[in-house]
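Structure, as structure tokens:
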Amino acid sequence: MSELNTLFRKRIGLQKNDKIIFETLDNFLEKTSKTIPFENLCIISNQISDITRENLIHKVLVKKEGGLCYELNSILNFFLAENGFNVFLVRGVIYNNVTHEWLTLGRTHAANLLMYEDQMYLIDTGFGGNLPLKPVPLNGESVTSDSGEFRIKKVDNEHGDYILEMKMRHKDPIWRTGYAFDSKLPVKDVSEFDEIQKILIESQDSPFNKSPLITRRTNTGNITLTDTSYTQWRDGKELKEKIGNRRFKEIKKQHFGRV
């Protein structure tokens, strides 16, 4: 068993001999979402590394940090491939449901597509608080998890050939658009994500280069920390606390294991 395989299992609480099969991917994705946070702390602190297998192992599994979509889904891709899955990375364009426009940053979202028994599925562990927590088939059928309902719609536009739609539990009364992706343009190497990282660091339109953000799933919902607020979703109820720098550091250490 490789270092990545061993350390990934250790981080999320899987035994070395626990076999991961398609039917248990939902449990695996749930564990991952509760353990490895979505965060931009390295961008804010200007501690950036090239996107490579070795650097991702060090960042996410040795230092036990989180990351953004291109980091979280890349290391997920390596892990799933080592455990026998036919999986590849794709890039997508995020939709802004407030302005009802596609983000101008281009294809800066990364996700995985997995082939199982002649059916393609979307696997995403890097979409902030909007994680499906289950494989989502590309045939249009919806899936339901603790976080909500998800489905994939076939399209043909400048952003790709499929769109992820979602209806988050306790939040969305109707379906809304998550992002578009192109299943016909697989990522050949994770070094391609250096471009995404550069855009998110430098662009004035980037949502990740202005203030710290860290979020993960919990047993009852999710928690989200910024430099000005700490938000907890517990069984559909939102608890929001305004905070300062001292409280930010306390929560970051207590709930995310970050110093």
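By order of appearance in the structure tokens: chains A, B, ..., then residues from 1 within every chain, and ligands from 1 in the order shown.
Excluding A:Asn96 itself and same-chain residues fewer than 2 positions from it, the residues having an atom within 12 Å of it are A:Val93, A:Ile94, A:Val98, A:Thr99, A:His100, A:Glu101, A:Trp102, A:Leu103, A:Thr104, A:Leu105, A:Arg176, A:Thr177, A:Gly178, A:Tyr179, A:Ala180, A:Pro207, counting only C-alpha atoms.
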Within 6 Å of A:Lys153 using only C-alpha atoms, minus same-chain residues under 3 positions, as a PyMOL selection string: chain A and resi 140+162-163
Spatial neighbours of stretch 14-23 of chain A, 10 Å, only C-alpha atoms, chain gap at least 5 places, as an MDAnalysis selection string: chainID A and resid 1 5:9 28 31 80 83:85 114 116 134:135
Backbone DSSP call of alpha helix (DSSP H) for stretch 13-56 of chain A, listed as a list in words: Leu25, Asp26, Asn27, Phe28, Leu29, Glu30, Lys31, Thr32, Ser33, Lys34, Thr35, Leu41, Cys42, Ile43, Ile44, Arg53, Glu54, Asn55 and Leu56 of chain A
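The residue set within 9 Å of A:Ser191, counting only C-alpha atoms and dropping same-chain residues fewer than 3 places from it, reads Asp50, Ile51, Thr52, Lys188, Asp194 and Glu195 of chain A.
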Strand (DSSP E) positions in stretch 20-226 of chain A, given as a ChimeraX atom specification: /A:38-39,86-96,101-102,109-116,119-123,136-137,143-145,148-157,160-168,176-181,213-217,221-226
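Distance check against A:Thr220 using only C-alpha atoms: of A:Ala111, A:Ser2, A:Lys34, A:Glu250, the minimum falls on A:Lys34.
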Contacts of A:Phe150 at 6 Å (only C-alpha atoms; same-chain gap of 2+ positions) as number ranges by chain: A: 142-143, 165-166
Exercise: A:Ser206 partners within 10 Å, only C-alpha atoms, chain neighbours under 3 positions left out, as JSON, numbers by chain: {"A": [103, 104, 105, 108, 199, 200, 201, 202, 203, 209, 210]}
A:Ser211 environment, 10 Å, only C-alpha atoms, sequence neighbours closer than 5 positions dropped, as a ChimeraX atom specification: /A:40-41,43-45,226-228
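With distances restricted to only C-alpha atoms, A:Gly106 is the closest residue to A:Glu158 from A:Asn139, A:Phe79, A:Gly106, A:Arg53.
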Distance criterion (only C-alpha atoms): nearest to A:Asp182 out of A:Pro132, A:Gly160, A:Pro137, A:Gly148: A:Gly160
Using only C-alpha atoms, tabulate the residues of stretch 142-244 of chain A lying at most 8 Å from any atom of stretch 126-129 of chain A, each with its closest atom pair and that distance in Å to one decimal, by chain and increasing residue number, as CSV.
residue,atom,partner,partner_atom,distance
A:Thr215,CA,A:Gly128,CA,6.8
A:Arg216,CA,A:Gly129,CA,7.0
A:Arg217,CA,A:Gly129,CA,7.5
A:Asn222,CA,A:Gly129,CA,7.3
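Here atom CA of A:Lys249 stands at a distance of 25.0 Å from atom CA of A:Gln197.
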